[in-house]
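Student: TSV, C-alpha atoms and all ligand atoms, saved as target_21.tsv, coming up:
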```
chain	number	residue	atom	x	y	z
A	21	MET	CA	-6.03	-18.64	9.35
A	22	THR	CA	-7.96	-17.89	12.44
A	23	ASP	CA	-8.83	-20.91	14.50
A	24	GLY	CA	-11.35	-19.09	16.61
A	25	SER	CA	-9.11	-19.14	19.65
A	26	PRO	CA	-7.67	-15.86	20.89
A	27	ALA	CA	-4.32	-17.52	21.42
A	28	GLY	CA	-4.59	-19.43	18.21
A	29	THR	CA	-1.74	-20.17	15.93
A	30	GLY	CA	-0.78	-19.26	12.44
A	31	MET	CA	-1.17	-16.09	10.46
A	32	ALA	CA	-3.58	-16.42	7.65
A	33	GLY	CA	-2.55	-15.50	4.22
A	34	ASP	CA	-6.13	-14.80	3.35
A	35	ALA	CA	-6.92	-12.45	6.21
A	36	ALA	CA	-10.39	-11.32	5.36
A	37	VAL	CA	-12.56	-8.53	6.63
A	38	GLY	CA	-14.49	-9.69	9.65
A	39	ASP	CA	-12.21	-12.67	10.05
A	40	ALA	CA	-9.25	-11.51	12.06
A	41	THR	CA	-6.21	-13.66	11.87
A	42	THR	CA	-4.18	-14.60	14.88
A	43	ILE	CA	-0.48	-14.66	15.18
A	44	SER	CA	1.06	-16.12	18.16
A	45	THR	CA	2.47	-19.56	18.22
A	46	ALA	CA	3.05	-19.05	21.93
A	47	PRO	CA	0.89	-20.44	24.70
A	48	ALA	CA	-1.72	-18.12	26.21
A	49	THR	CA	0.53	-17.19	29.13
A	50	ASP	CA	2.99	-15.56	26.73
A	51	LEU	CA	0.39	-13.05	25.68
A	52	ALA	CA	0.53	-9.63	27.29
A	53	ILE	CA	-2.98	-8.86	26.07
A	54	GLU	CA	-5.65	-11.30	25.04
A	55	THR	CA	-9.29	-10.50	24.35
A	56	TYR	CA	-12.10	-12.77	23.35
A	57	GLY	CA	-15.30	-11.51	21.77
A	58	LEU	CA	-14.65	-8.13	23.37
A	59	THR	CA	-17.66	-5.95	22.66
A	60	LYS	CA	-18.75	-2.47	23.74
A	61	ARG	CA	-22.07	-0.93	22.83
A	62	PHE	CA	-23.03	2.67	23.45
A	63	ARG	CA	-26.82	2.55	23.19
A	64	SER	CA	-27.49	1.34	19.66
A	65	GLN	CA	-23.90	1.87	18.47
A	66	VAL	CA	-21.42	-0.99	18.60
A	67	ALA	CA	-18.03	0.73	19.13
A	68	VAL	CA	-16.09	-2.53	19.61
A	69	ASP	CA	-17.48	-5.63	18.01
A	70	GLY	CA	-16.31	-9.12	18.99
A	71	VAL	CA	-12.59	-8.33	19.08
A	72	ASP	CA	-10.11	-11.21	19.63
A	73	LEU	CA	-6.72	-9.62	20.21
A	74	ALA	CA	-3.52	-11.56	20.84
A	75	VAL	CA	-0.53	-9.41	21.76
A	76	PRO	CA	2.62	-11.44	22.47
A	77	ARG	CA	4.86	-10.34	25.33
A	78	GLY	CA	7.78	-8.30	24.08
A	79	ALA	CA	5.93	-7.10	20.98
A	80	VAL	CA	5.50	-3.54	19.86
A	81	PHE	CA	1.95	-3.92	18.69
A	82	GLY	CA	0.58	-1.22	16.40
A	83	PHE	CA	-3.15	-0.93	16.82
A	84	LEU	CA	-4.16	0.71	13.61
A	85	GLY	CA	-7.44	1.97	12.28
A	86	PRO	CA	-9.19	4.99	10.85
A	87	ASN	CA	-10.76	7.56	13.19
A	88	GLY	CA	-13.77	6.17	14.99
A	89	SER	CA	-12.89	2.53	14.35
A	90	GLY	CA	-12.88	1.66	18.07
A	91	LYS	CA	-9.23	1.86	19.09
A	92	THR	CA	-9.65	4.15	22.09
A	93	THR	CA	-12.69	2.27	23.33
A	94	THR	CA	-10.74	-1.01	23.12
A	95	ILE	CA	-7.90	0.55	25.13
A	96	ARG	CA	-10.34	1.83	27.73
A	97	LEU	CA	-11.79	-1.66	27.99
A	98	LEU	CA	-8.31	-3.16	28.42
A	99	LEU	CA	-7.52	-0.77	31.24
A	100	GLY	CA	-10.83	-1.34	33.00
A	101	LEU	CA	-11.92	2.26	32.40
A	102	VAL	CA	-15.21	1.10	30.88
A	103	ALA	CA	-17.06	-2.16	31.27
A	104	ALA	CA	-17.50	-4.55	28.34
A	105	SER	CA	-20.99	-5.24	27.03
A	106	ALA	CA	-19.87	-8.78	26.11
A	107	GLY	CA	-16.69	-10.86	25.89
A	108	GLY	CA	-13.62	-10.28	28.01
A	109	ALA	CA	-9.98	-9.38	28.26
A	110	ARG	CA	-6.89	-10.72	29.97
A	111	VAL	CA	-4.03	-8.33	30.58
A	112	LEU	CA	-0.66	-9.72	31.76
A	113	GLY	CA	-2.40	-13.03	32.31
A	114	ALA	CA	-5.20	-11.76	34.56
A	115	ASP	CA	-8.86	-11.17	33.83
A	116	MET	CA	-9.86	-7.53	33.53
A	117	PRO	CA	-11.52	-5.70	35.12
A	118	ARG	CA	-11.72	-8.29	37.92
A	119	HIS	CA	-7.99	-8.00	38.67
A	120	VAL	CA	-7.65	-4.33	37.86
A	121	ASP	CA	-6.01	-3.56	41.21
A	122	SER	CA	-3.18	-6.02	40.75
A	123	VAL	CA	-2.78	-5.52	36.99
A	124	LEU	CA	-2.77	-1.74	36.61
A	125	PRO	CA	0.37	-1.15	38.70
A	126	ARG	CA	2.20	-3.29	36.13
A	127	VAL	CA	0.83	-1.29	33.20
A	128	GLY	CA	1.83	2.21	32.16
A	129	ALA	CA	-0.81	4.01	30.15
A	130	LEU	CA	-1.05	7.18	28.13
A	131	VAL	CA	-4.69	7.65	27.23
A	132	GLU	CA	-6.03	11.08	26.37
A	133	GLY	CA	-2.96	12.65	28.02
A	134	PRO	CA	-2.78	13.09	31.80
A	135	ALA	CA	-4.07	16.36	33.21
A	136	PHE	CA	-0.86	18.20	34.03
A	137	SER	CA	-0.99	21.44	35.96
A	138	PRO	CA	0.41	24.02	33.53
A	139	TYR	CA	1.88	26.25	36.24
A	140	LEU	CA	3.83	23.49	37.92
A	141	SER	CA	7.13	22.19	36.59
A	142	GLY	CA	7.49	18.79	34.93
A	143	VAL	CA	9.16	17.47	38.08
A	144	ALA	CA	6.41	18.82	40.35
A	145	ASN	CA	3.72	17.32	38.12
A	146	LEU	CA	5.35	13.91	38.13
A	147	ARG	CA	5.79	14.03	41.90
A	148	ARG	CA	2.09	14.70	42.28
A	149	PHE	CA	1.16	11.76	40.08
A	150	ASP	CA	3.66	9.55	41.85
A	151	ALA	CA	2.30	10.58	45.25
A	152	ALA	CA	-1.18	9.55	44.10
A	153	ASP	CA	0.07	6.01	43.42
A	154	ARG	CA	-0.23	4.01	46.61
A	155	HIS	CA	2.24	1.44	45.24
A	156	ALA	CA	4.96	4.08	44.87
A	157	PRO	CA	7.24	4.37	47.93
A	158	HIS	CA	7.72	7.95	49.13
A	159	ARG	CA	11.39	7.43	49.97
A	160	THR	CA	12.45	6.79	46.38
A	161	ARG	CA	10.15	9.34	44.73
A	162	SER	CA	12.80	11.86	43.70
A	163	ALA	CA	15.01	9.22	42.14
A	164	ARG	CA	12.01	7.75	40.33
A	165	VAL	CA	10.92	11.09	38.90
A	166	ASP	CA	14.47	11.96	37.81
A	167	GLU	CA	14.90	8.59	36.15
A	168	ALA	CA	11.58	8.84	34.28
A	169	LEU	CA	12.47	12.32	33.01
A	170	ASP	CA	15.86	11.08	31.94
A	171	ARG	CA	14.24	8.15	30.15
A	172	VAL	CA	12.17	10.46	27.95
A	173	GLY	CA	14.99	12.97	27.45
A	174	LEU	CA	13.43	15.74	29.53
A	175	SER	CA	15.97	16.05	32.35
A	176	HIS	CA	17.04	19.46	31.09
A	177	ALA	CA	13.45	20.75	31.18
A	178	GLY	CA	12.32	19.17	34.44
A	179	ARG	CA	12.28	22.50	36.32
A	180	LYS	CA	10.46	24.35	33.56
A	181	LYS	CA	6.74	24.99	33.97
A	182	VAL	CA	4.62	22.73	31.82
A	183	HIS	CA	2.83	25.61	30.04
A	184	ALA	CA	6.20	26.39	28.46
A	185	TYR	CA	6.54	22.84	27.09
A	186	SER	CA	6.02	22.08	23.43
A	187	LEU	CA	3.36	19.51	22.55
A	188	GLY	CA	6.08	16.90	22.02
A	189	MET	CA	7.54	17.64	25.45
A	190	LYS	CA	4.09	17.33	27.05
A	191	GLN	CA	3.58	14.03	25.32
A	192	ARG	CA	6.96	12.81	26.54
A	193	LEU	CA	6.09	13.98	30.03
A	194	GLY	CA	2.93	11.88	29.72
A	195	ILE	CA	5.06	8.88	28.81
A	196	ALA	CA	7.42	9.67	31.71
A	197	ASN	CA	4.37	9.57	33.95
A	198	ALA	CA	3.54	6.13	32.57
A	199	LEU	CA	7.12	5.07	33.29
A	200	LEU	CA	7.40	6.19	36.91
A	201	MET	CA	7.17	2.61	38.06
A	202	ARG	CA	8.73	-0.32	36.25
A	203	ARG	CA	6.12	-1.54	33.77
A	204	GLU	CA	5.69	-4.80	31.94
A	205	LEU	CA	3.26	-3.27	29.49
A	206	LEU	CA	2.83	0.22	28.10
A	207	VAL	CA	-0.43	1.22	26.47
A	208	LEU	CA	-0.18	4.40	24.41
A	209	ASP	CA	-3.19	5.89	22.66
A	210	GLU	CA	-2.11	7.90	19.62
A	211	PRO	CA	1.10	9.12	21.30
A	212	THR	CA	2.19	11.22	18.34
A	213	ASN	CA	-1.17	12.86	17.71
A	214	GLY	CA	-0.70	16.57	17.12
A	215	LEU	CA	3.09	16.40	17.31
A	216	ASP	CA	5.39	18.07	14.85
A	217	PRO	CA	7.82	15.86	12.91
A	218	GLN	CA	10.56	16.36	15.51
A	219	GLY	CA	8.22	15.44	18.40
A	220	THR	CA	7.03	12.44	16.42
A	221	ARG	CA	10.58	11.24	15.88
A	222	GLU	CA	11.33	11.64	19.58
A	223	VAL	CA	8.33	9.62	20.65
A	224	ARG	CA	9.08	6.91	18.09
A	225	ALA	CA	12.67	6.64	19.28
A	226	LEU	CA	11.43	6.38	22.84
A	227	ILE	CA	9.05	3.56	21.95
A	228	ARG	CA	11.89	1.72	20.26
A	229	SER	CA	14.19	2.06	23.25
A	230	LEU	CA	11.46	0.87	25.63
A	231	ALA	CA	10.88	-2.13	23.43
A	232	ASP	CA	14.61	-2.87	23.41
A	233	ASP	CA	14.39	-3.17	27.18
A	234	GLY	CA	11.76	-5.87	26.82
A	235	THR	CA	8.67	-3.81	27.66
A	236	THR	CA	5.60	-4.83	25.65
A	237	VAL	CA	4.18	-1.76	23.94
A	238	PHE	CA	0.62	-1.53	22.66
A	239	VAL	CA	0.35	1.65	20.64
A	240	SER	CA	-2.68	2.90	18.75
A	241	SER	CA	-2.27	4.99	15.66
A	242	HIS	CA	-4.01	6.08	12.53
A	243	LEU	CA	-0.66	6.68	10.87
A	244	LEU	CA	0.73	3.98	8.70
A	245	ALA	CA	4.33	5.20	8.73
A	246	GLU	CA	4.34	5.18	12.48
A	247	VAL	CA	3.37	1.55	12.66
A	248	GLU	CA	5.74	0.59	9.89
A	249	GLN	CA	8.69	2.23	11.60
A	250	VAL	CA	8.31	1.08	15.17
A	251	CYS	CA	6.08	-1.97	15.35
A	252	SER	CA	6.81	-5.68	15.24
A	253	HIS	CA	3.11	-6.56	15.09
A	254	VAL	CA	-0.01	-4.97	13.69
A	255	GLY	CA	-3.72	-5.20	14.39
A	256	VAL	CA	-6.15	-3.41	12.12
A	257	MET	CA	-9.52	-2.13	13.27
A	258	SER	CA	-12.33	-1.18	10.95
A	259	ALA	CA	-15.79	-0.16	12.15
A	260	GLY	CA	-15.32	-1.78	15.55
A	261	ARG	CA	-13.98	-5.06	14.23
A	262	LEU	CA	-10.45	-6.40	14.27
A	263	VAL	CA	-10.02	-7.27	10.62
A	264	ALA	CA	-6.44	-8.60	10.76
A	265	GLN	CA	-3.54	-9.06	13.10
A	266	GLY	CA	-0.08	-10.52	12.73
A	267	THR	CA	3.57	-9.67	12.58
A	268	LEU	CA	4.40	-6.81	10.26
A	269	GLU	CA	6.07	-9.28	7.91
A	270	GLU	CA	3.10	-11.61	7.86
A	271	PHE	CA	0.88	-8.67	7.32
A	272	ARG	CA	2.83	-7.52	4.32
A	273	ALA	CA	2.98	-11.02	2.90
A	274	ALA	CA	-0.76	-11.49	3.25
A	275	GLY	CA	-1.50	-8.70	0.81
A	276	GLU	CA	-2.22	-9.15	-2.84
A	277	ALA	CA	0.75	-10.28	-4.87
A	278	ARG	CA	1.52	-11.33	-8.37
A	279	VAL	CA	4.38	-13.07	-10.06
A	280	LEU	CA	5.88	-12.04	-13.35
A	281	VAL	CA	7.78	-14.65	-15.32
A	282	GLN	CA	9.85	-13.57	-18.28
A	283	THR	CA	10.25	-16.51	-20.65
A	284	PRO	CA	10.15	-17.55	-24.28
A	285	ASP	CA	8.10	-20.59	-23.16
A	286	ALA	CA	4.95	-18.71	-22.19
A	287	ALA	CA	2.49	-21.55	-22.71
A	288	ALA	CA	4.48	-23.98	-20.56
A	289	ALA	CA	4.98	-21.32	-17.87
A	290	ARG	CA	1.25	-20.62	-17.82
A	291	HIS	CA	0.61	-24.30	-17.35
A	292	VAL	CA	2.97	-24.51	-14.34
A	293	LEU	CA	1.54	-21.38	-12.71
A	294	ALA	CA	-1.99	-22.69	-13.11
A	295	ARG	CA	-0.91	-25.92	-11.39
A	296	PHE	CA	-0.11	-23.81	-8.29
A	297	GLY	CA	-3.63	-22.45	-8.32
A	298	LEU	CA	-2.47	-19.04	-9.52
A	299	ASP	CA	-4.81	-16.89	-11.49
A	300	VAL	CA	-2.92	-16.44	-14.77
A	301	ASP	CA	-3.51	-13.26	-16.78
A	302	GLY	CA	-4.72	-13.55	-20.38
A	303	ASP	CA	-3.72	-16.28	-22.78
A	304	GLY	CA	-1.54	-14.38	-25.23
A	305	GLY	CA	1.85	-15.70	-26.22
A	306	GLY	CA	3.81	-12.76	-24.70
A	307	ALA	CA	7.26	-13.08	-23.21
A	308	VAL	CA	6.03	-12.08	-19.74
A	309	VAL	CA	3.45	-14.22	-18.01
A	310	ALA	CA	1.73	-12.57	-15.06
A	311	ALA	CA	-0.21	-14.47	-12.44
A	312	HIS	CA	-1.95	-13.44	-9.21
A	313	PHE	CA	-1.46	-15.32	-6.01
A	314	ALA	CA	-4.69	-17.03	-5.08
A	315	SER	CA	-3.08	-18.13	-1.83
A	316	THR	CA	-0.08	-16.83	0.06
A	317	ASP	CA	0.82	-20.38	1.00
A	318	VAL	CA	2.62	-20.64	-2.33
A	319	ALA	CA	6.34	-20.01	-1.95
A	320	PRO	CA	7.90	-18.16	-4.90
A	321	GLU	CA	10.95	-20.44	-4.79
A	322	ALA	CA	8.69	-23.47	-5.27
A	323	ILE	CA	7.28	-21.85	-8.41
A	324	VAL	CA	10.74	-21.20	-9.80
A	325	ALA	CA	11.77	-24.80	-9.08
A	326	ALA	CA	8.67	-26.16	-10.82
A	327	LEU	CA	9.20	-23.90	-13.84
A	328	VAL	CA	12.78	-25.09	-14.17
A	329	ALA	CA	11.81	-28.73	-13.61
A	330	ASP	CA	9.30	-28.44	-16.48
A	331	GLY	CA	11.99	-27.09	-18.77
A	332	VAL	CA	10.65	-23.52	-18.85
A	333	ARG	CA	13.49	-21.13	-19.65
A	334	VAL	CA	13.15	-18.50	-16.90
A	335	ARG	CA	14.81	-15.26	-17.98
A	336	GLY	CA	13.27	-13.15	-15.26
A	337	PHE	CA	11.17	-13.77	-12.17
A	338	GLU	CA	9.61	-11.15	-9.97
A	339	VAL	CA	7.12	-11.09	-7.13
A	340	GLU	CA	5.20	-7.83	-6.79
A	341	ARG	CA	3.56	-7.24	-3.43
A	342	ALA	CA	0.90	-4.70	-2.63
A	343	SER	CA	2.19	-1.84	-0.51
A	344	LEU	CA	1.18	-1.74	3.14
A	345	GLU	CA	-1.06	1.15	2.31
A	346	GLN	CA	-2.88	-0.84	-0.38
A	347	ARG	CA	-3.23	-3.65	2.15
A	348	PHE	CA	-4.87	-1.36	4.70
A	349	VAL	CA	-7.22	0.02	2.12
A	350	GLU	CA	-8.06	-3.55	1.09
A	351	LEU	CA	-8.92	-4.37	4.70
A	352	THR	CA	-10.68	-1.24	5.84
A	353	GLY	CA	-12.07	0.19	2.65
A	354	GLU	CA	-10.57	3.50	3.74
A	355	GLY	CA	-7.43	5.39	2.99
A	356	PHE	CA	-4.99	6.18	5.77
A	357	ASP	CA	-3.07	9.27	6.60
A	358	VAL	CA	0.35	8.43	5.31
A	359	VAL	CA	2.15	11.60	6.28
A	360	GLN	CA	5.03	11.69	8.81
A	401	LIG	N1	-18.74	7.37	25.52
A	401	LIG	C1	-19.23	7.20	24.30
A	401	LIG	N2	-20.54	7.32	24.04
A	401	LIG	C2	-21.07	7.13	22.82
A	401	LIG	N3	-20.33	6.76	21.74
A	401	LIG	C3	-19.01	6.62	21.92
A	401	LIG	C4	-18.39	6.83	23.20
A	401	LIG	N4	-17.05	6.58	23.07
A	401	LIG	C5	-16.85	6.25	21.77
A	401	LIG	N5	-18.01	6.28	21.08
A	401	LIG	C6	-18.18	5.97	19.66
A	401	LIG	O1	-17.59	4.71	19.40
A	401	LIG	C7	-16.92	4.72	18.12
A	401	LIG	C8	-15.46	4.32	18.32
A	401	LIG	O2	-14.80	5.38	18.96
A	401	LIG	P1	-13.28	5.32	19.43
A	401	LIG	O3	-12.96	6.62	20.09
A	401	LIG	O4	-13.06	4.08	20.18
A	401	LIG	O5	-12.54	5.22	18.03
A	401	LIG	P2	-11.02	5.48	17.67
A	401	LIG	O6	-10.65	4.44	16.68
A	401	LIG	O7	-10.21	5.58	18.91
A	401	LIG	O8	-11.08	6.86	16.95
A	401	LIG	P3	-10.11	8.14	17.06
A	401	LIG	O9	-8.86	7.76	16.32
A	401	LIG	O10	-10.91	9.20	16.38
A	401	LIG	O11	-9.90	8.40	18.53
A	401	LIG	C9	-17.09	6.12	17.55
A	401	LIG	O12	-18.14	6.11	16.63
A	401	LIG	C10	-17.43	6.95	18.76
A	401	LIG	O13	-18.27	8.03	18.40
```
Kindly transcribe the structure held in the file into structure tokens.
Tutor:
Amino acid sequence: MTDGSPAGTGMAGDAAVGDATTISTAPATDLAIETYGLTKRFRSQVAVDGVDLAVPRGAVFGFLGPNGSGKTTTIRLLLGLVAASAGGARVLGADMPRHVDSVLPRVGALVEGPAFSPYLSGVANLRRFDAADRHAPHRTRSARVDEALDRVGLSHAGRKKVHAYSLGMKQRLGIANALLMRRELLVLDEPTNGLDPQGTREVRALIRSLADDGTTVFVSSHLLAEVEQVCSHVGVMSAGRLVAQGTLEEFRAAGEARVLVQTPDAAAARHVLARFGLDVDGDGGGAVVAAHFASTDVAPEAIVAALVADGVRVRGFEVERASLEQRFVELTGEGFDVVQ
């Protein structure tokens, strides 16, 4: 349960709307991104509302939320592209935007796609971006550009003009641009938006390989499958608020669940389940007793042990968890695109 501290410990089982849970058991310095009460208002509209993010170093953090929930604005705040109305952010251990000059060279970002010149080749575009980076030595430019193209699997198309690139290739070129210099953190805003399934797969694979190299990746998405397939951690935004965050596993486990016990000793089983604070269905004498988890702190194995200890003959035992999609709907009140 949230302890009010952005670097707080423990994932809550009962992650509730408006009460974001925190994940990391690590000290604050092991967080790649940390925000506290981060808020952005545009006139009367609150786009980001008191967000406390905790992104551990090395994580692939899926920043999930329906359209308009405040993901892009949060990313812009993290990168110092807009100023916060209240609260603050630390990126790679330094306050933003105060330390923007020393932090940004360590961060690769893909936000709203870089403006590539369509009539220049991929290589020429990357050289131009690299030349604009005063931290990038001229001497090693060619090698850097070649390596970044290789990294995203575009070496073969480096000499092609960008207008001839597919959307997926453009997106990968954008990521190559973010990778020109060695980065500790990559921030990608909807990197698979508008891509066909093949382009989506390519970008996902790239994210995975970057993560394997130890780069922290913060990736926003409104696609559930995307997050499920590449992310180690999840944060869910809804109407400007961070309504939950945790590891993917914790996130799954925090959803609604129920146990089904198959037994000829229904009354005794009901009694044991009630002792665990579970909400037991009905009071009939059926062979299957169903009970809802009131708290995720209850371990299924402890229930089985207690049933057996009380002499209940357990013929079947099952824990049914809500799907990730149900969990998101629970949290945001909205459905998600589940395609791809
Ligand atoms: N510059 C701005 N001026 C006024 N309102 C803005 C501005 N930028 C964002 N907003 C509003 O803030 C809210 C959050 O927008 P944001 O783009 O951060 O959401 P998002 O989750 O990234 O959505 P999407 O997935 O559609 O990009 C929206 O209602 C949006 O209209």
Student: May I ask for the distance between CA of Phe296 (chain A) and CA of Ala277 (chain A), given in Å to one decimal place?
Tutor: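 These two atoms are separated by 14.0 Å.
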Student: Compute the set of protein, DNA and RNA residues whose minimum atom distance to ligand LIG 401 (chain A) is at most 9 Å, using all atoms listed in the file, and state it as a PyMOL selection string.
Tutor: chain A and resi 60-63+65-68+84-96+102+209-210+240-242+257-260
Student: Please provide the set of residues having any atom within 12 Å of Phe313 (chain A), restricted to all atoms listed in the file, with same-chain residues fewer than 2 positions apart removed, written as a PyMOL selection string.
Tutor: chain A and resi 33-34+273-280+293-301+310-311+315-320+323+339-342
Student: Could you check how far CA of Val172 (chain A) sits from CA of Val75 (chain A), in Å to one decimal?
Tutor: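 Between these atoms lies a distance of 24.4 Å.
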Student: Select, counting all atoms listed in the file, all protein, DNA and RNA residues no farther than 12 Å from (10.4, 8.3, 14.9) in file coordinates, and express the selection as a ChimeraX atom specification.
Tutor: /A:188,211-212,215-229,243,245-251,360
Student: How big is the axis-aligned box, and where does its centre sit, when it encloses all atoms of region 129-143 of chain A listed in the file and has 6 Å added on every side, reported in Å to one decimal as lines of an AutoDock Vina configuration file?
Tutor:
```
center_x = 1.6
center_y = 15.1
center_z = 32.2
size_x = 27.2
size_y = 34.2
size_z = 23.7
```
Student: Closest to Met116 (chain A) among A:Thr59, A:Ile53, A:Ser175, A:Phe81, using only C-alpha atoms?
Tutor: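 Ranked by minimum distance to Met116 (chain A), first place goes to A:Ile53.
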Student: Using CA of Leu208 (chain A) and CA of Pro125 (chain A) as the two end points, give the distance in Å to one decimal.
Tutor: 15.3 Å
Student: Can you tell me, as a JSON list (two decimals) with C-alpha atoms, in the coordinates of the input, what residues are no more than 12 Å from Asp170 (chain A) when counting all atoms listed in the file, ignoring any on the same chain fewer than 5 positions away?
Tutor:
```
[["chain", "number", "residue", "atom", "x", "y", "z"],
["A", 142, "GLY", "CA", 7.49, 18.79, 34.93],
["A", 143, "VAL", "CA", 9.16, 17.47, 38.08],
["A", 163, "ALA", "CA", 15.01, 9.22, 42.14],
["A", 164, "ARG", "CA", 12.01, 7.75, 40.33],
["A", 165, "VAL", "CA", 10.92, 11.09, 38.90],
["A", 175, "SER", "CA", 15.97, 16.05, 32.35],
["A", 176, "HIS", "CA", 17.04, 19.46, 31.09],
["A", 177, "ALA", "CA", 13.45, 20.75, 31.18],
["A", 178, "GLY", "CA", 12.32, 19.17, 34.44],
["A", 192, "ARG", "CA", 6.96, 12.81, 26.54],
["A", 193, "LEU", "CA", 6.09, 13.98, 30.03],
["A", 195, "ILE", "CA", 5.06, 8.88, 28.81],
["A", 196, "ALA", "CA", 7.42, 9.67, 31.71],
["A", 197, "ASN", "CA", 4.37, 9.57, 33.95],
["A", 199, "LEU", "CA", 7.12, 5.07, 33.29],
["A", 200, "LEU", "CA", 7.40, 6.19, 36.91],
["A", 226, "LEU", "CA", 11.43, 6.38, 22.84]]
```
Student: Name the closest residue to Arg202 (chain A) among the candidates A:Ala329, A:Gly214, A:His155, A:Ala79; distances are taken between atoms, counting only C-alpha atoms.
Tutor: A:His155
Student: Between A:Phe337, A:Phe149, A:Phe136, A:Tyr185, which is the closest to Val308 (chain A) once you count all atoms listed in the file?
Tutor: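 Using all atoms listed in the file, the shortest distance to Val308 (chain A) belongs to A:Phe337.
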Student: Using all atoms listed in the file, which of the listed residues (A:Ala156, A:Val111, A:Leu174, A:Val182) sits closest to Ser137 (chain A)?
Tutor: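 Going through A:Ala156, A:Val111, A:Leu174, A:Val182 one by one, the smallest distance to Ser137 (chain A) is for A:Val182.
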Student: Of the candidates A:Ala129, A:Ala307, A:Leu206, A:Ala144, which one gets nearest to Arg179 (chain A) if we count only C-alpha atoms?
Tutor: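 Among the listed residues, A:Ala144 lies closest to Arg179 (chain A).
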Student: If we count only C-alpha atoms and set the cut-off at 10 Å, which residues sit around Thr55 (chain A), ignoring sequence neighbours fewer than 4 positions away in its own chain? Please answer as a PyMOL selection string.
Tutor: chain A and resi 25-27+59+70-75+94+97-98+107-111+115-116
Student: Please determine, counting only C-alpha atoms, which residue among A:Ala286, A:Val239, A:Ala231, A:Val123 has the shortest atom-to-atom distance to Arg335 (chain A).
Tutor: A:Ala286
Student: I want to know what sits within 6 Å of Arg203 (chain A), based on only C-alpha atoms, with residues of the same chain fewer than 2 positions away left out; could you give that as an mmCIF file with C-alpha atoms, keeping the file's coordinate frame?
Tutor:
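Result file part_11.cif:
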```
data_model
loop_
_atom_site.group_PDB
_atom_site.id
_atom_site.type_symbol
_atom_site.label_atom_id
_atom_site.label_comp_id
_atom_site.auth_asym_id
_atom_site.auth_seq_id
_atom_site.Cartn_x
_atom_site.Cartn_y
_atom_site.Cartn_z
ATOM 1 C CA ARG A 126 2.200 -3.290 36.130
ATOM 2 C CA VAL A 127 0.830 -1.290 33.200
ATOM 3 C CA GLY A 128 1.830 2.210 32.160
ATOM 4 C CA LEU A 205 3.260 -3.270 29.490
#
```
